[in-house]
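Structure below is upload31.cif: mmCIF, C-alpha atoms.
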```cif
data_protein
loop_
_atom_site.label_atom_id
_atom_site.label_comp_id
_atom_site.auth_asym_id
_atom_site.auth_seq_id
_atom_site.Cartn_x
_atom_site.Cartn_y
_atom_site.Cartn_z
CA MET T 1 0.00 0.00 0.00
CA ALA T 2 1.39 3.36 -1.04
CA PRO T 3 1.44 6.55 1.01
CA ARG T 4 -2.07 8.03 1.28
CA GLY T 5 -3.36 4.83 -0.27
CA THR T 6 -5.99 2.27 0.56
CA ALA T 7 -6.09 -1.50 0.23
CA THR T 8 -9.62 -2.86 0.34
CA ARG T 9 -11.43 -5.98 -0.79
CA THR T 10 -15.07 -6.55 -1.66
CA PHE T 11 -16.99 -9.52 -0.30
CA SER T 12 -20.57 -10.76 -0.15
CA ALA T 13 -22.43 -11.69 3.02
CA LEU T 14 -24.96 -14.29 1.94
CA GLN T 15 -26.95 -14.01 5.15
CA ALA T 16 -27.19 -11.78 8.18
CA GLY T 17 -24.43 -12.18 10.72
CA THR T 18 -21.22 -10.67 11.97
CA VAL T 19 -18.26 -9.49 9.94
CA THR T 20 -14.86 -9.32 11.58
CA VAL T 21 -11.76 -7.62 10.21
CA LEU T 22 -8.26 -8.38 11.37
CA LEU T 23 -5.12 -6.45 10.47
CA GLY T 24 -2.84 -9.44 10.93
CA ASN T 25 0.38 -8.06 9.58
CA ALA T 26 1.91 -4.76 8.58
CA ASP T 27 5.45 -4.65 7.24
CA PRO T 28 6.99 -2.38 8.40
CA ALA T 29 5.14 -2.54 11.71
CA ILE T 30 3.13 0.68 11.79
CA THR T 31 -0.33 1.76 12.87
CA LEU T 32 -2.87 1.93 10.06
CA GLY T 33 -6.52 2.76 9.60
CA LEU T 34 -8.74 -0.28 9.31
CA GLY T 35 -12.31 0.01 8.06
CA VAL T 36 -15.39 -1.90 7.02
CA GLY T 37 -18.32 -0.55 5.03
CA LEU T 38 -19.95 -0.75 1.66
CA HIS T 39 -19.35 0.64 -1.77
CA GLY T 40 -20.81 3.95 -2.81
CA ALA T 41 -23.15 4.56 -5.71
CA THR T 42 -20.33 4.21 -8.23
CA GLY T 43 -19.09 0.98 -6.72
CA SER T 44 -15.56 2.26 -7.03
CA ASP T 45 -14.84 3.26 -3.48
CA CYS T 46 -15.29 1.83 -0.01
CA LYS T 47 -17.56 3.92 2.21
CA PHE T 48 -16.53 3.04 5.72
CA THR T 49 -19.08 2.43 8.44
CA GLN T 50 -16.66 1.60 11.21
CA THR T 51 -12.97 2.46 11.39
CA VAL T 52 -10.18 2.09 13.90
CA ASN T 53 -6.51 3.04 13.99
CA THR T 54 -4.57 -0.04 14.95
CA PRO T 55 -1.28 -1.91 14.72
CA ALA T 56 -1.31 -5.50 13.52
CA GLY T 57 -2.68 -7.98 16.00
CA THR T 58 -3.99 -11.46 16.43
CA THR T 59 -7.62 -10.75 17.27
CA PRO T 60 -10.06 -8.86 15.01
CA GLN T 61 -9.92 -5.14 15.59
CA LEU T 62 -13.36 -4.59 14.00
CA SER T 63 -16.63 -6.48 14.38
CA VAL T 64 -19.94 -5.37 12.90
CA ALA T 65 -23.39 -6.88 12.37
CA VAL T 66 -24.52 -6.93 8.74
CA ASP T 67 -27.54 -7.73 6.63
CA PRO T 68 -27.03 -9.81 3.47
CA GLY T 69 -25.24 -7.72 0.87
CA VAL T 70 -21.99 -6.67 -0.71
CA TYR T 71 -19.43 -5.05 1.55
CA CYS T 72 -15.82 -3.97 1.59
CA ALA T 73 -13.08 -3.82 4.17
CA GLY T 74 -9.42 -3.01 4.32
CA ALA T 75 -6.64 -0.75 5.45
CA TYR T 76 -5.81 2.87 4.68
CA ASP T 77 -2.95 5.22 5.38
CA ILE T 78 -3.41 7.58 8.30
CA GLY T 79 -0.15 9.36 7.54
CA THR T 80 2.15 6.66 8.84
CA VAL T 81 3.10 4.99 5.55
CA GLY T 82 6.57 5.90 4.31
CA GLN T 83 7.68 6.30 0.75
CA ALA T 84 8.57 2.61 0.54
CA GLY T 85 4.96 1.70 1.24
CA VAL T 86 3.70 -1.04 3.52
CA THR T 87 2.68 -4.64 2.99
CA VAL T 88 -0.48 -5.54 4.84
CA THR T 89 -2.40 -8.72 5.53
CA VAL T 90 -6.07 -8.23 6.32
CA THR T 91 -8.34 -11.15 7.16
CA ILE T 92 -12.09 -10.77 6.77
CA THR T 93 -14.60 -13.30 8.11
CA HIS T 94 -18.22 -13.03 7.07
CA PRO T 95 -21.46 -15.04 7.00
CA MET V 1 -22.87 -63.34 -23.74
CA LYS V 2 -22.98 -60.47 -21.29
CA THR V 3 -22.59 -58.06 -24.15
CA ALA V 4 -25.44 -59.68 -26.11
CA THR V 5 -27.81 -59.53 -23.15
CA THR V 6 -27.04 -55.90 -22.67
CA ALA V 7 -27.66 -55.27 -26.32
CA LEU V 8 -31.12 -56.87 -26.05
CA ILE V 9 -32.18 -55.26 -22.82
CA SER V 10 -31.07 -51.74 -23.55
CA PRO V 11 -33.64 -51.05 -26.29
CA LEU V 12 -36.38 -52.43 -24.04
CA VAL V 13 -35.32 -50.22 -21.20
CA LEU V 14 -35.23 -47.27 -23.54
CA LEU V 15 -38.70 -48.07 -24.91
CA VAL V 16 -40.20 -48.35 -21.42
CA ALA V 17 -38.59 -45.10 -20.44
CA LEU V 18 -39.95 -43.33 -23.49
CA LEU V 19 -43.46 -44.72 -22.96
CA THR V 20 -43.37 -43.71 -19.33
CA MET V 21 -42.39 -40.21 -20.30
CA ALA V 22 -44.98 -40.03 -23.06
CA CYS V 23 -47.81 -41.30 -20.88
CA GLY V 24 -46.96 -39.33 -17.77
CA SER V 25 -49.75 -37.28 -16.30
CA ASP V 26 -47.63 -34.47 -14.92
CA THR V 27 -48.72 -31.09 -16.19
CA PRO V 28 -45.84 -28.98 -17.42
CA THR V 29 -45.27 -25.99 -15.25
CA THR V 30 -44.24 -22.59 -16.40
CA PRO V 31 -40.86 -21.61 -14.97
CA THR V 32 -41.09 -18.65 -12.65
CA THR V 33 -38.44 -16.06 -12.09
CA PRO V 34 -38.10 -15.06 -8.44
CA ASN V 35 -38.55 -11.37 -7.83
CA LEU V 36 -35.19 -10.47 -6.36
CA PRO V 37 -35.08 -7.26 -4.34
CA SER V 38 -33.40 -4.23 -5.84
CA THR V 39 -30.58 -2.46 -4.06
CA GLU V 40 -30.01 1.23 -4.61
CA MET V 41 -27.32 3.45 -3.15
CA PHE V 42 -28.02 7.01 -2.15
CA SER V 43 -24.83 9.00 -1.63
CA GLY V 44 -23.92 12.64 -1.32
CA THR V 45 -22.54 15.34 0.91
CA LEU V 46 -24.52 16.81 3.76
CA SER V 47 -23.60 20.11 5.37
CA VAL V 48 -24.50 21.24 8.87
CA GLY V 49 -28.28 21.59 9.23
CA GLU V 50 -29.04 20.18 5.80
CA SER V 51 -31.14 17.32 4.52
CA SER V 52 -31.17 15.30 1.34
CA PHE V 53 -33.57 12.80 -0.17
CA TYR V 54 -33.70 10.20 -2.91
CA SER V 55 -36.73 8.86 -4.75
CA PHE V 56 -37.17 5.20 -5.62
CA THR V 57 -39.93 3.01 -7.01
CA VAL V 58 -41.30 -0.06 -5.26
CA ALA V 59 -42.51 -2.56 -7.86
CA ALA V 60 -44.60 -4.77 -5.56
CA THR V 61 -45.79 -4.88 -1.97
CA GLY V 62 -43.01 -5.92 0.36
CA ASN V 63 -40.44 -4.86 2.90
CA VAL V 64 -38.32 -1.81 2.18
CA SER V 65 -35.09 -1.72 4.17
CA ILE V 66 -33.14 1.50 4.54
CA THR V 67 -29.65 1.58 6.02
CA LEU V 68 -27.62 4.62 6.95
CA ALA V 69 -24.36 2.89 6.14
CA SER V 70 -21.67 5.51 6.22
CA LEU V 71 -20.74 9.00 7.38
CA VAL V 72 -17.23 10.04 6.45
CA PRO V 73 -15.90 13.61 6.71
CA VAL V 74 -12.98 13.03 4.37
CA ALA V 75 -12.73 9.83 2.32
CA PRO V 76 -11.04 7.46 2.89
CA GLY V 77 -10.64 8.81 6.40
CA PRO V 78 -12.19 7.62 9.61
CA ALA V 79 -15.93 7.10 9.78
CA VAL V 80 -17.94 9.15 12.27
CA ASN V 81 -20.68 7.80 14.51
CA THR V 82 -22.95 10.85 14.43
CA VAL V 83 -26.65 10.25 15.05
CA MET V 84 -28.76 11.42 12.12
CA GLY V 85 -32.39 11.44 11.10
CA LEU V 86 -33.37 8.78 8.57
CA GLY V 87 -36.84 8.69 7.09
CA VAL V 88 -39.06 7.24 4.39
CA GLY V 89 -42.03 8.94 2.81
CA THR V 90 -43.48 10.18 -0.44
CA PRO V 91 -42.02 12.75 -2.82
CA ASN V 92 -43.91 16.02 -2.70
CA GLY V 93 -42.59 18.42 -5.26
CA THR V 94 -39.07 19.26 -4.24
CA GLU V 95 -39.58 17.81 -0.78
CA CYS V 96 -39.87 14.38 0.78
CA SER V 97 -42.88 14.11 3.10
CA VAL V 98 -41.61 11.69 5.73
CA THR V 99 -44.13 9.22 7.15
CA ASN V 100 -41.79 7.10 9.24
CA SER V 101 -38.37 7.91 10.65
CA VAL V 102 -35.70 6.92 13.12
CA THR V 103 -32.69 8.58 14.69
CA THR V 104 -29.64 6.47 14.15
CA ALA V 105 -25.90 6.25 13.82
CA PRO V 106 -24.42 4.46 10.80
CA GLY V 107 -24.49 0.67 10.71
CA LEU V 108 -24.67 -2.22 8.29
CA THR V 109 -28.06 -3.57 9.33
CA ALA V 110 -31.21 -1.74 8.26
CA GLN V 111 -32.34 0.84 10.79
CA LEU V 112 -35.68 1.48 9.03
CA VAL V 113 -37.85 -1.35 7.69
CA ASN V 114 -41.36 -0.75 6.36
CA SER V 115 -43.86 -2.86 4.44
CA LEU V 116 -44.87 -0.70 1.47
CA THR V 117 -47.16 -1.13 -1.48
CA ALA V 118 -46.10 -0.55 -5.08
CA ALA V 119 -45.55 3.19 -5.57
CA THR V 120 -42.83 5.82 -5.61
CA TYR V 121 -41.27 6.70 -2.28
CA CYS V 122 -38.36 8.72 -0.98
CA ALA V 123 -35.64 8.12 1.58
CA LYS V 124 -34.42 11.14 3.50
CA ILE V 125 -31.36 11.82 5.62
CA TYR V 126 -31.21 14.91 7.77
CA ASP V 127 -29.01 16.56 10.36
CA LEU V 128 -30.54 16.57 13.83
CA GLY V 129 -28.06 19.22 14.99
CA ALA V 130 -25.17 16.92 15.71
CA LEU V 131 -23.13 17.64 12.58
CA THR V 132 -20.24 20.02 13.07
CA ALA V 133 -18.78 19.73 9.56
CA PRO V 134 -19.88 18.40 6.17
CA VAL V 135 -19.94 14.63 5.74
CA ASP V 136 -20.16 12.26 2.83
CA PHE V 137 -23.04 9.88 3.47
CA THR V 138 -24.13 6.59 1.95
CA VAL V 139 -27.63 5.16 2.40
CA ARG V 140 -28.58 1.71 1.11
CA ILE V 141 -32.17 1.05 0.04
CA VAL V 142 -33.37 -2.51 -0.59
CA HIS V 143 -36.88 -2.84 -2.00
CA PRO V 144 -39.11 -5.12 -4.09
#
```
Using the file provided, produce a representation of the structure as structure tokens.
Amino acid sequence: MAPRGTATRTFSALQAGTVTVLLGNADPAITLGLGVGLHGATGSDCKFTQTVNTPAGTTPQLSVAVDPGVYCAGAYDIGTVGQAGVTVTVTITHP
Amino acid sequence: MKTATTALISPLVLLVALLTMACGSDTPTTPTTPNLPSTEMFSGTLSVGESSFYSFTVAATGNVSITLASLVPVAPGPAVNTVMGLGVGTPNGTECSVTNSVTTAPGLTAQLVNSLTAATYCAKIYDLGALTAPVDFTVRIVHP
């Protein structure tokens, strides 16, 4: 992920339930923004519903109830990403 | 021998199968296409004290689910948890006459669910006085 960038993925929840998002790794180890939401009208951007600034961890930093639908989640730069960028691993669990 | 037997039986089996199919009493049914709900996104920017609405058409009686999904001051920045007004009603000129509403923070489960008949309706988002700066909002509408 580049400076001022975002790294998000789209996924479908086939039924109501809970979505969790885990920033499992950031290399180099920095604090990043982590968010979950849904795409806007154009479908080209991720409109976050919940966000948190967090370092990588082992337990999900975000958890949100959802209806069936198409959602997105991922990481974004909060001003901590250097010119070399950062490699992130984000794990999303969903119904 | 095994091959010969198979050669004799196979046409009989095929004939029985064809007769069974031809004489069946099942009435052919017309395939039906399930009426899947439509999902519409209503996005924009709301300034302090403002409201905005979006009109949509319900094709058949059913549940209409409206979700205030996102409030973000500066994309892709942090989301805010501000409580807003969210309503559904009927378009009235340049206004939306709200008939049912809730006060809610953003979430990903519908905060407003109504059973509505086929007609044109509007979804409205409005500042209850909690906004301190403009926000980009996203509202999801799922309807028959």
Closest pair table for chain V residues within 7 Å of chain T, only C-alpha atoms, as a Markdown table:
```
| residue | atom | partner | partner_atom | distance |
| --- | --- | --- | --- | --- |
| V:Met41 | CA | T:Ala41 | CA | 5.0 |
| V:Phe42 | CA | T:Ala41 | CA | 6.5 |
| V:Ser43 | CA | T:Ala41 | CA | 6.3 |
| V:Ala69 | CA | T:Thr49 | CA | 5.8 |
| V:Ser70 | CA | T:Thr49 | CA | 4.6 |
| V:Leu71 | CA | T:Thr49 | CA | 6.9 |
| V:Pro78 | CA | T:Thr51 | CA | 5.5 |
| V:Ala79 | CA | T:Gln50 | CA | 5.7 |
| V:Pro106 | CA | T:Thr49 | CA | 6.2 |
| V:Gly107 | CA | T:Thr49 | CA | 6.1 |
| V:Leu108 | CA | T:Val66 | CA | 4.7 |
| V:Thr109 | CA | T:Val66 | CA | 4.9 |
| V:Thr138 | CA | T:Gly40 | CA | 6.4 |
```
Which polymer residues have any atom within 12 Å of an atom of T:Ala84, counting all atoms listed in the file, with same-chain residues fewer than 4 positions away left out, as a list in words? Met1, Ala2, Pro3, Arg4, Asp27, Pro28 and Thr80 of chain T
Put those residues in a file: C-alpha atoms, as a PDB file, in the frame of the given file.
```pdb
ATOM      1  CA  MET T   1       0.000   0.000   0.000  1.00  0.00           C
ATOM      2  CA  ALA T   2       1.390   3.360  -1.040  1.00  0.00           C
ATOM      3  CA  PRO T   3       1.440   6.550   1.010  1.00  0.00           C
ATOM      4  CA  ARG T   4      -2.070   8.030   1.280  1.00  0.00           C
ATOM      5  CA  ASP T  27       5.450  -4.650   7.240  1.00  0.00           C
ATOM      6  CA  PRO T  28       6.990  -2.380   8.400  1.00  0.00           C
ATOM      7  CA  THR T  80       2.150   6.660   8.840  1.00  0.00           C
TER       8      THR T  80
END
```
Resolved residues for the PyMOL selection byres ((chain T and resi 8) around 7) as a PDB file with C-alpha atoms, keeping the file's coordinate frame:
```pdb
ATOM      1  CA  THR T   6      -5.990   2.270   0.560  1.00  0.00           C
ATOM      2  CA  ALA T   7      -6.090  -1.500   0.230  1.00  0.00           C
ATOM      3  CA  ARG T   9     -11.430  -5.980  -0.790  1.00  0.00           C
ATOM      4  CA  THR T  10     -15.070  -6.550  -1.660  1.00  0.00           C
ATOM      5  CA  CYS T  72     -15.820  -3.970   1.590  1.00  0.00           C
ATOM      6  CA  ALA T  73     -13.080  -3.820   4.170  1.00  0.00           C
ATOM      7  CA  GLY T  74      -9.420  -3.010   4.320  1.00  0.00           C
ATOM      8  CA  ALA T  75      -6.640  -0.750   5.450  1.00  0.00           C
TER       9      ALA T  75
END
```
Which residues are near V:Leu86? Cut-off 7 Å, only C-alpha atoms, ignore same chain within fewer than 5 positions. Put them as a PyMOL selection string. chain V and resi 101-103+124-126
Near T:Thr89, within 7 Å and counting all atoms listed in the file, which residues show up once chain neighbours fewer than 4 positions away are dropped, as a list in words?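 Skipping anything fewer than 4 positions along the chain leaves Leu23, Gly24, Asn25 and Ala26 of chain T.
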Six-sided padding of 4 Å per side, axis-aligned box over stretch 38-46 of chain V, centre and edges in Å, one decimal, as lines of an AutoDock Vina configuration file:
```
center_x = -28.0
center_y = 6.3
center_z = -1.0
size_x = 18.9
size_y = 29.0
size_z = 17.6
```
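Relative to atom CA of V:Thr132, atom CA of V:Leu112 is found at 24.5 Å.
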Nearest to V:Leu131, restricted to only C-alpha atoms and choosing among V:Ala60, V:Leu36, V:Leu46, V:Val113, comes out as V:Leu46
